[in-house]
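Chemist: So that you have it, the file is upload-v6.cif, and it contains mmCIF, N, CA and C atoms:
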data_work
#
loop_
_atom_site.label_atom_id
_atom_site.label_comp_id
_atom_site.auth_asym_id
_atom_site.auth_seq_id
_atom_site.Cartn_x
_atom_site.Cartn_y
_atom_site.Cartn_z
N MET A 631 2.98 -15.57 45.62
CA MET A 631 2.05 -15.60 44.51
C MET A 631 2.57 -14.66 43.42
N SER A 632 2.68 -15.17 42.21
CA SER A 632 3.17 -14.34 41.11
C SER A 632 2.06 -14.14 40.09
N LEU A 633 2.20 -13.10 39.35
CA LEU A 633 1.23 -12.79 38.30
C LEU A 633 1.62 -13.51 37.01
N PRO A 634 0.65 -14.03 36.28
CA PRO A 634 0.98 -14.68 35.00
C PRO A 634 1.43 -13.63 33.98
N PHE A 635 2.31 -14.05 33.10
CA PHE A 635 2.84 -13.14 32.08
C PHE A 635 1.76 -12.80 31.06
N SER A 636 1.66 -11.55 30.74
CA SER A 636 0.75 -11.13 29.68
C SER A 636 1.48 -10.11 28.81
N GLY A 637 1.26 -10.18 27.53
CA GLY A 637 1.93 -9.26 26.61
C GLY A 637 2.85 -10.01 25.68
N SER A 638 3.59 -9.28 24.90
CA SER A 638 4.49 -9.91 23.95
C SER A 638 5.86 -10.11 24.58
N LYS A 639 6.56 -11.11 24.12
CA LYS A 639 7.87 -11.41 24.66
C LYS A 639 8.98 -10.62 23.98
N SER A 640 8.68 -10.07 22.82
CA SER A 640 9.68 -9.26 22.12
C SER A 640 9.04 -7.94 21.73
N LYS A 641 9.88 -6.97 21.54
CA LYS A 641 9.37 -5.65 21.13
C LYS A 641 8.99 -5.66 19.67
N SER A 642 8.13 -4.74 19.34
CA SER A 642 7.75 -4.56 17.94
C SER A 642 8.96 -4.05 17.17
N ALA A 643 9.03 -4.41 15.91
CA ALA A 643 10.17 -3.98 15.10
C ALA A 643 10.09 -2.49 14.76
N GLY A 644 8.92 -1.89 14.91
CA GLY A 644 8.79 -0.46 14.72
C GLY A 644 8.08 -0.08 13.44
N LEU A 645 7.87 1.21 13.30
CA LEU A 645 7.14 1.75 12.17
C LEU A 645 7.90 1.58 10.86
N VAL A 646 9.19 1.83 10.88
CA VAL A 646 9.99 1.72 9.65
C VAL A 646 10.00 0.28 9.16
N SER A 647 10.06 -0.66 10.06
CA SER A 647 10.03 -2.07 9.68
C SER A 647 8.68 -2.45 9.08
N ALA A 648 7.60 -1.91 9.63
CA ALA A 648 6.27 -2.18 9.09
C ALA A 648 6.12 -1.58 7.69
N ILE A 649 6.66 -0.38 7.49
CA ILE A 649 6.61 0.24 6.16
C ILE A 649 7.44 -0.58 5.18
N ARG A 650 8.60 -1.04 5.60
CA ARG A 650 9.46 -1.85 4.73
C ARG A 650 8.74 -3.14 4.33
N LYS A 651 8.04 -3.73 5.28
CA LYS A 651 7.30 -4.96 4.99
C LYS A 651 6.22 -4.70 3.94
N GLN A 652 5.54 -3.56 4.04
CA GLN A 652 4.52 -3.22 3.06
C GLN A 652 5.12 -2.92 1.69
N THR A 653 6.30 -2.28 1.66
CA THR A 653 6.93 -1.99 0.37
C THR A 653 7.40 -3.25 -0.32
N LEU A 654 7.76 -4.29 0.45
CA LEU A 654 8.15 -5.56 -0.16
C LEU A 654 6.96 -6.25 -0.81
N LEU A 655 5.75 -5.95 -0.35
CA LEU A 655 4.55 -6.54 -0.92
C LEU A 655 4.04 -5.76 -2.14
N LEU A 656 4.56 -4.56 -2.35
CA LEU A 656 4.09 -3.71 -3.45
C LEU A 656 4.37 -4.33 -4.81
N ASN A 657 3.44 -4.12 -5.72
CA ASN A 657 3.62 -4.55 -7.10
C ASN A 657 3.03 -3.47 -7.98
N LEU A 658 3.85 -2.84 -8.80
CA LEU A 658 3.40 -1.72 -9.63
C LEU A 658 3.00 -2.14 -11.04
N LYS A 659 2.86 -3.43 -11.30
CA LYS A 659 2.51 -3.87 -12.66
C LYS A 659 1.18 -3.32 -13.15
N PRO A 660 0.13 -3.20 -12.32
CA PRO A 660 -1.12 -2.65 -12.84
C PRO A 660 -1.13 -1.12 -12.89
N VAL A 661 -0.03 -0.47 -12.55
CA VAL A 661 0.02 0.98 -12.44
C VAL A 661 0.74 1.58 -13.65
N LYS A 662 0.11 2.60 -14.23
CA LYS A 662 0.73 3.33 -15.33
C LYS A 662 1.47 4.57 -14.83
N LYS A 663 0.84 5.29 -13.87
CA LYS A 663 1.42 6.55 -13.40
C LYS A 663 1.00 6.80 -11.95
N VAL A 664 1.94 7.30 -11.15
CA VAL A 664 1.65 7.73 -9.79
C VAL A 664 2.00 9.21 -9.69
N SER A 665 1.02 10.02 -9.30
CA SER A 665 1.22 11.45 -9.18
C SER A 665 1.03 11.85 -7.72
N VAL A 666 2.08 12.41 -7.12
CA VAL A 666 2.04 12.83 -5.72
C VAL A 666 2.02 14.35 -5.69
N LYS A 667 0.96 14.90 -5.05
CA LYS A 667 0.81 16.36 -4.99
C LYS A 667 0.79 16.78 -3.52
N PHE A 668 1.63 17.76 -3.17
CA PHE A 668 1.66 18.23 -1.79
C PHE A 668 2.07 19.69 -1.72
N ASP A 669 1.67 20.33 -0.63
CA ASP A 669 2.06 21.69 -0.32
C ASP A 669 3.12 21.61 0.77
N PRO A 670 4.34 22.04 0.51
CA PRO A 670 5.40 21.86 1.50
C PRO A 670 5.17 22.64 2.79
N PHE A 671 4.27 23.61 2.77
CA PHE A 671 4.03 24.41 3.96
C PHE A 671 2.87 23.89 4.81
N SER A 672 2.19 22.84 4.36
CA SER A 672 1.11 22.28 5.17
C SER A 672 1.69 21.33 6.21
N GLN A 673 0.86 20.98 7.19
CA GLN A 673 1.34 20.15 8.29
C GLN A 673 1.57 18.71 7.88
N ASN A 674 0.79 18.20 6.95
CA ASN A 674 0.88 16.78 6.59
C ASN A 674 1.63 16.55 5.28
N ALA A 675 2.50 17.46 4.90
CA ALA A 675 3.27 17.28 3.67
C ALA A 675 4.28 16.15 3.81
N ALA A 676 4.73 15.88 5.02
CA ALA A 676 5.73 14.83 5.23
C ALA A 676 5.19 13.46 4.86
N THR A 677 3.89 13.25 5.02
CA THR A 677 3.30 11.96 4.67
C THR A 677 3.46 11.68 3.19
N ALA A 678 3.12 12.62 2.35
CA ALA A 678 3.23 12.43 0.90
C ALA A 678 4.68 12.32 0.46
N ARG A 679 5.55 13.13 1.06
CA ARG A 679 6.97 13.06 0.69
C ARG A 679 7.59 11.73 1.08
N ASN A 680 7.27 11.24 2.27
CA ASN A 680 7.80 9.94 2.70
C ASN A 680 7.24 8.80 1.87
N PHE A 681 5.96 8.91 1.49
CA PHE A 681 5.38 7.89 0.61
C PHE A 681 6.15 7.84 -0.70
N MET A 682 6.45 9.00 -1.26
CA MET A 682 7.19 9.06 -2.52
C MET A 682 8.61 8.52 -2.33
N TYR A 683 9.23 8.79 -1.20
CA TYR A 683 10.57 8.29 -0.92
C TYR A 683 10.60 6.76 -0.93
N TYR A 684 9.66 6.14 -0.22
CA TYR A 684 9.63 4.68 -0.16
C TYR A 684 9.18 4.08 -1.49
N LEU A 685 8.33 4.78 -2.23
CA LEU A 685 7.86 4.28 -3.52
C LEU A 685 8.98 4.25 -4.55
N LEU A 686 9.94 5.16 -4.43
CA LEU A 686 11.03 5.24 -5.40
C LEU A 686 12.22 4.35 -5.04
N SER A 687 12.05 3.44 -4.10
CA SER A 687 13.14 2.52 -3.78
C SER A 687 13.37 1.58 -4.96
N PRO A 688 14.59 1.14 -5.19
CA PRO A 688 14.90 0.32 -6.37
C PRO A 688 14.09 -0.98 -6.45
N LYS A 689 13.81 -1.62 -5.33
CA LYS A 689 13.07 -2.88 -5.36
C LYS A 689 11.64 -2.67 -5.82
N VAL A 690 11.04 -1.54 -5.45
CA VAL A 690 9.67 -1.25 -5.87
C VAL A 690 9.65 -0.88 -7.34
N ILE A 691 10.60 -0.08 -7.78
CA ILE A 691 10.65 0.34 -9.18
C ILE A 691 10.88 -0.84 -10.11
N LYS A 692 11.61 -1.87 -9.66
CA LYS A 692 11.87 -3.05 -10.49
C LYS A 692 10.59 -3.80 -10.84
N THR A 693 9.53 -3.65 -10.04
CA THR A 693 8.29 -4.36 -10.34
C THR A 693 7.63 -3.83 -11.61
N ASN A 694 7.86 -2.56 -11.94
CA ASN A 694 7.36 -1.99 -13.20
C ASN A 694 8.23 -0.79 -13.57
N PRO A 695 9.28 -1.00 -14.35
CA PRO A 695 10.16 0.11 -14.71
C PRO A 695 9.48 1.16 -15.60
N LEU A 696 8.36 0.82 -16.23
CA LEU A 696 7.67 1.75 -17.10
C LEU A 696 6.70 2.66 -16.35
N CYS A 697 6.53 2.45 -15.07
CA CYS A 697 5.63 3.27 -14.26
C CYS A 697 6.24 4.65 -14.04
N LEU A 698 5.47 5.68 -14.32
CA LEU A 698 5.94 7.05 -14.12
C LEU A 698 5.56 7.51 -12.72
N VAL A 699 6.50 8.10 -12.01
CA VAL A 699 6.23 8.68 -10.70
C VAL A 699 6.51 10.17 -10.80
N ARG A 700 5.46 10.96 -10.65
CA ARG A 700 5.58 12.41 -10.77
C ARG A 700 5.24 13.06 -9.44
N ASN A 701 5.90 14.15 -9.14
CA ASN A 701 5.51 14.93 -7.98
C ASN A 701 5.13 16.32 -8.43
N GLU A 702 4.19 16.90 -7.70
CA GLU A 702 3.73 18.24 -8.00
C GLU A 702 3.74 19.02 -6.69
N VAL A 703 4.55 20.04 -6.64
CA VAL A 703 4.64 20.88 -5.45
C VAL A 703 3.80 22.13 -5.70
N VAL A 704 2.81 22.35 -4.85
CA VAL A 704 1.91 23.49 -4.99
C VAL A 704 2.01 24.36 -3.75
N ASN A 705 1.55 25.59 -3.87
CA ASN A 705 1.57 26.51 -2.75
C ASN A 705 0.19 27.13 -2.59
N ASP A 706 -0.81 26.30 -2.47
CA ASP A 706 -2.18 26.80 -2.35
C ASP A 706 -2.91 26.24 -1.13
N ARG A 707 -2.16 25.70 -0.19
CA ARG A 707 -2.69 25.14 1.05
C ARG A 707 -3.67 24.00 0.83
N SER A 708 -3.52 23.33 -0.30
CA SER A 708 -4.38 22.17 -0.56
C SER A 708 -3.83 20.95 0.15
N GLU A 709 -4.68 19.95 0.34
CA GLU A 709 -4.23 18.76 1.03
C GLU A 709 -3.38 17.89 0.11
N SER A 710 -2.54 17.09 0.71
CA SER A 710 -1.67 16.19 -0.05
C SER A 710 -2.49 15.05 -0.63
N THR A 711 -2.21 14.70 -1.88
CA THR A 711 -2.93 13.61 -2.54
C THR A 711 -1.95 12.73 -3.31
N VAL A 712 -2.34 11.47 -3.46
CA VAL A 712 -1.61 10.53 -4.29
C VAL A 712 -2.62 9.99 -5.30
N ASP A 713 -2.40 10.28 -6.57
CA ASP A 713 -3.29 9.84 -7.63
C ASP A 713 -2.60 8.71 -8.41
N VAL A 714 -3.24 7.55 -8.44
CA VAL A 714 -2.67 6.37 -9.09
C VAL A 714 -3.49 6.07 -10.33
N SER A 715 -2.88 6.17 -11.51
CA SER A 715 -3.55 5.84 -12.77
C SER A 715 -3.20 4.41 -13.13
N LEU A 716 -4.23 3.60 -13.34
CA LEU A 716 -4.03 2.19 -13.63
C LEU A 716 -3.97 1.94 -15.13
N VAL A 717 -3.46 0.78 -15.52
CA VAL A 717 -3.32 0.41 -16.92
C VAL A 717 -4.69 0.26 -17.58
N ASN A 718 -5.69 -0.19 -16.82
CA ASN A 718 -7.02 -0.40 -17.39
C ASN A 718 -7.82 0.89 -17.52
N GLY A 719 -7.23 2.05 -17.22
CA GLY A 719 -7.89 3.33 -17.43
C GLY A 719 -8.51 3.92 -16.17
N GLU A 720 -8.59 3.16 -15.11
CA GLU A 720 -9.17 3.66 -13.87
C GLU A 720 -8.15 4.49 -13.11
N SER A 721 -8.65 5.23 -12.13
CA SER A 721 -7.78 6.07 -11.32
C SER A 721 -8.19 5.94 -9.85
N VAL A 722 -7.20 5.88 -8.97
CA VAL A 722 -7.45 5.78 -7.53
C VAL A 722 -6.78 6.99 -6.88
N LEU A 723 -7.56 7.68 -6.01
CA LEU A 723 -7.06 8.88 -5.35
C LEU A 723 -6.97 8.63 -3.85
N PHE A 724 -5.78 8.83 -3.29
CA PHE A 724 -5.58 8.75 -1.85
C PHE A 724 -5.43 10.17 -1.32
N LYS A 725 -6.32 10.58 -0.41
CA LYS A 725 -6.20 11.88 0.24
C LYS A 725 -5.41 11.68 1.53
N CYS A 726 -4.27 12.31 1.63
CA CYS A 726 -3.30 12.03 2.69
C CYS A 726 -3.47 12.91 3.91
N GLN A 727 -4.54 13.67 4.01
CA GLN A 727 -4.71 14.61 5.11
C GLN A 727 -4.65 13.92 6.47
N ASN A 728 -5.37 12.81 6.62
CA ASN A 728 -5.43 12.14 7.92
C ASN A 728 -4.84 10.73 7.88
N LEU A 729 -3.99 10.45 6.91
CA LEU A 729 -3.39 9.13 6.78
C LEU A 729 -1.90 9.18 7.10
N THR A 730 -1.40 8.06 7.58
CA THR A 730 0.05 7.93 7.76
C THR A 730 0.61 7.21 6.53
N VAL A 731 1.91 7.18 6.43
CA VAL A 731 2.57 6.50 5.30
C VAL A 731 2.22 5.01 5.31
N LEU A 732 2.22 4.42 6.49
CA LEU A 732 1.91 3.00 6.61
C LEU A 732 0.48 2.72 6.15
N GLU A 733 -0.47 3.57 6.51
CA GLU A 733 -1.86 3.37 6.10
C GLU A 733 -2.03 3.51 4.59
N ILE A 734 -1.28 4.42 3.98
CA ILE A 734 -1.35 4.57 2.52
C ILE A 734 -0.84 3.32 1.85
N PHE A 735 0.29 2.78 2.32
CA PHE A 735 0.83 1.55 1.74
C PHE A 735 -0.10 0.37 1.96
N GLN A 736 -0.73 0.29 3.12
CA GLN A 736 -1.67 -0.80 3.38
C GLN A 736 -2.86 -0.73 2.43
N GLN A 737 -3.39 0.46 2.21
CA GLN A 737 -4.52 0.60 1.29
C GLN A 737 -4.08 0.37 -0.15
N PHE A 738 -2.87 0.78 -0.49
CA PHE A 738 -2.33 0.53 -1.82
C PHE A 738 -2.25 -0.97 -2.06
N ASN A 739 -1.71 -1.70 -1.09
CA ASN A 739 -1.59 -3.15 -1.23
C ASN A 739 -2.95 -3.84 -1.21
N LYS A 740 -3.89 -3.27 -0.54
CA LYS A 740 -5.23 -3.86 -0.44
C LYS A 740 -6.00 -3.71 -1.75
N HIS A 741 -5.89 -2.55 -2.40
CA HIS A 741 -6.73 -2.25 -3.56
C HIS A 741 -6.02 -2.37 -4.91
N ILE A 742 -4.73 -2.08 -4.97
CA ILE A 742 -4.05 -2.00 -6.26
C ILE A 742 -3.18 -3.21 -6.55
N THR A 743 -2.43 -3.69 -5.59
CA THR A 743 -1.53 -4.82 -5.80
C THR A 743 -2.27 -6.07 -6.26
N PRO A 744 -3.48 -6.39 -5.75
CA PRO A 744 -4.17 -7.59 -6.25
C PRO A 744 -4.55 -7.53 -7.73
N LEU A 745 -4.52 -6.36 -8.34
CA LEU A 745 -4.84 -6.24 -9.76
C LEU A 745 -3.70 -6.69 -10.67
N ALA A 746 -2.54 -6.93 -10.08
CA ALA A 746 -1.38 -7.36 -10.86
C ALA A 746 -1.61 -8.77 -11.39
N PRO A 747 -1.20 -9.02 -12.64
CA PRO A 747 -1.36 -10.38 -13.17
C PRO A 747 -0.46 -11.35 -12.43
N LYS A 748 -0.96 -12.55 -12.28
CA LYS A 748 -0.18 -13.59 -11.59
C LYS A 748 0.95 -14.07 -12.49
N GLU A 749 2.12 -14.23 -11.89
CA GLU A 749 3.27 -14.73 -12.64
C GLU A 749 3.26 -16.24 -12.61
N GLU A 750 3.46 -16.85 -13.76
CA GLU A 750 3.51 -18.30 -13.83
C GLU A 750 4.96 -18.75 -13.71
N VAL A 751 5.18 -19.68 -12.83
CA VAL A 751 6.53 -20.21 -12.63
C VAL A 751 6.65 -21.47 -13.48
N THR A 752 7.60 -21.44 -14.40
CA THR A 752 7.81 -22.61 -15.26
C THR A 752 9.10 -23.28 -14.84
N GLU A 753 9.00 -24.55 -14.59
CA GLU A 753 10.17 -25.31 -14.21
C GLU A 753 10.47 -26.32 -15.31
N THR A 754 11.73 -26.45 -15.64
CA THR A 754 12.13 -27.44 -16.63
C THR A 754 12.72 -28.63 -15.90
N LEU A 755 12.33 -29.78 -16.32
CA LEU A 755 12.81 -31.00 -15.70
C LEU A 755 14.06 -31.47 -16.44
N VAL A 756 15.15 -31.57 -15.70
CA VAL A 756 16.42 -31.98 -16.29
C VAL A 756 16.72 -33.40 -15.80
N THR A 757 16.89 -34.30 -16.72
CA THR A 757 17.18 -35.69 -16.37
C THR A 757 18.69 -35.90 -16.27
N LYS A 758 19.07 -37.05 -15.76
CA LYS A 758 20.49 -37.36 -15.61
C LYS A 758 21.18 -37.47 -16.97
N THR A 759 20.47 -38.01 -17.96
CA THR A 759 21.09 -38.15 -19.27
C THR A 759 21.31 -36.78 -19.92
N ASP A 760 20.38 -35.83 -19.68
CA ASP A 760 20.57 -34.49 -20.20
C ASP A 760 21.76 -33.80 -19.56
N LYS A 761 21.97 -34.05 -18.28
CA LYS A 761 23.11 -33.47 -17.58
C LYS A 761 24.42 -34.03 -18.12
N LYS A 762 24.42 -35.36 -18.41
CA LYS A 762 25.64 -35.99 -18.93
C LYS A 762 25.95 -35.48 -20.33
N LYS A 763 24.93 -35.30 -21.14
CA LYS A 763 25.15 -34.80 -22.50
C LYS A 763 25.68 -33.37 -22.47
N GLY A 764 25.13 -32.54 -21.56
CA GLY A 764 25.56 -31.15 -21.46
C GLY A 764 26.96 -31.04 -20.90
N GLY A 765 27.39 -31.95 -20.05
CA GLY A 765 28.71 -31.89 -19.42
C GLY A 765 29.83 -32.31 -20.34
N LYS A 766 29.58 -33.17 -21.39
CA LYS A 766 30.63 -33.67 -22.26
C LYS A 766 30.96 -32.72 -23.40
N ARG A 767 30.17 -31.71 -23.61
CA ARG A 767 30.39 -30.82 -24.76
C ARG A 767 31.51 -29.90 -24.55
#
Take the structure I supplied and represent it as structure tokens, if you would.

Modeler:
Amino acid sequence: MSLPFSGSKSKSAGLVSAIRKQTLLLNLKPVKKVSVKFDPFSQNAATARNFMYYLLSPKVIKTNPLCLVRNEVVNDRSESTVDVSLVNGESVLFKCQNLTVLEIFQQFNKHITPLAPKEEVTETLVTKTDKKKGGKR
């Protein structure tokens, strides 16, 4: 008598893969400025620093090259925060004390990325006669 298989057949890709997946979903078009504030001597400073590291990747920056990303290093034992200023004048504050980098990106994608305007895909129809005319020139 054998036991039926239960569980997944493959291993999880891991935390870094999950963060990468979330960064591919990021869209900074509705964002004017991102300000990351952390105390390097606090226990959870790594969360804010890693968030800033992944946020400054070239693929994320290409979504809005005009977005300013600022960091503020303080020494007052305050908790790490990420303040996102939107184009419409609103501001969103993430307190990173009890959050992981993945949770910050998930909440960012949940609340801020949907505010991005939808891109319209325009396709031009090229006929055979247009191709022949373009090829003879």

Chemist: List the residues selected by the PyMOL selection byres ((chain A and resi 697) around 6.5) in the file shown, writing them as a PyMOL selection string.

Modeler: chain A and resi 661-664+694-696+698-699

Chemist: Considering all atoms listed in the file, return as a PyMOL selection string whatever protein or nucleic-acid residues lie within 8 Å of Val717 (chain A), sequence-local ones (same chain, fewer than 2 positions apart) excluded.

Modeler: chain A and resi 659-663+714-715+719-721

Chemist: Report as a PyMOL selection string the residues that result from applying the PyMOL selection byres ((chain A and resi 672) around 8) to the structure here.

Modeler: chain A and resi 668-671+673-676+707-710

Chemist: Any chance you could resolve the PyMOL selection byres (((chain A and resi 640-648 and name CA) around 10) and name CA) against this file and give the residues as a VMD selection string?

Modeler: chain A and resid 637 to 639 649 to 653 731 to 732 735 to 736

Chemist: Which polymer residues have any atom within 9 Å of an atom of Phe724 (chain A), counting only C-alpha atoms, with same-chain residues fewer than 2 positions away left out, as a VMD selection string?

Modeler: chain A and resid 710 to 714 722 726 729 734 737 to 738

Chemist: Which one is closest to Val666 (chain A): A:Asn701, A:Pro688, A:Lys740, A:Ser632? Count only C-alpha atoms.

Modeler: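 Closest to Val666 (chain A), using only C-alpha atoms: A:Asn701.
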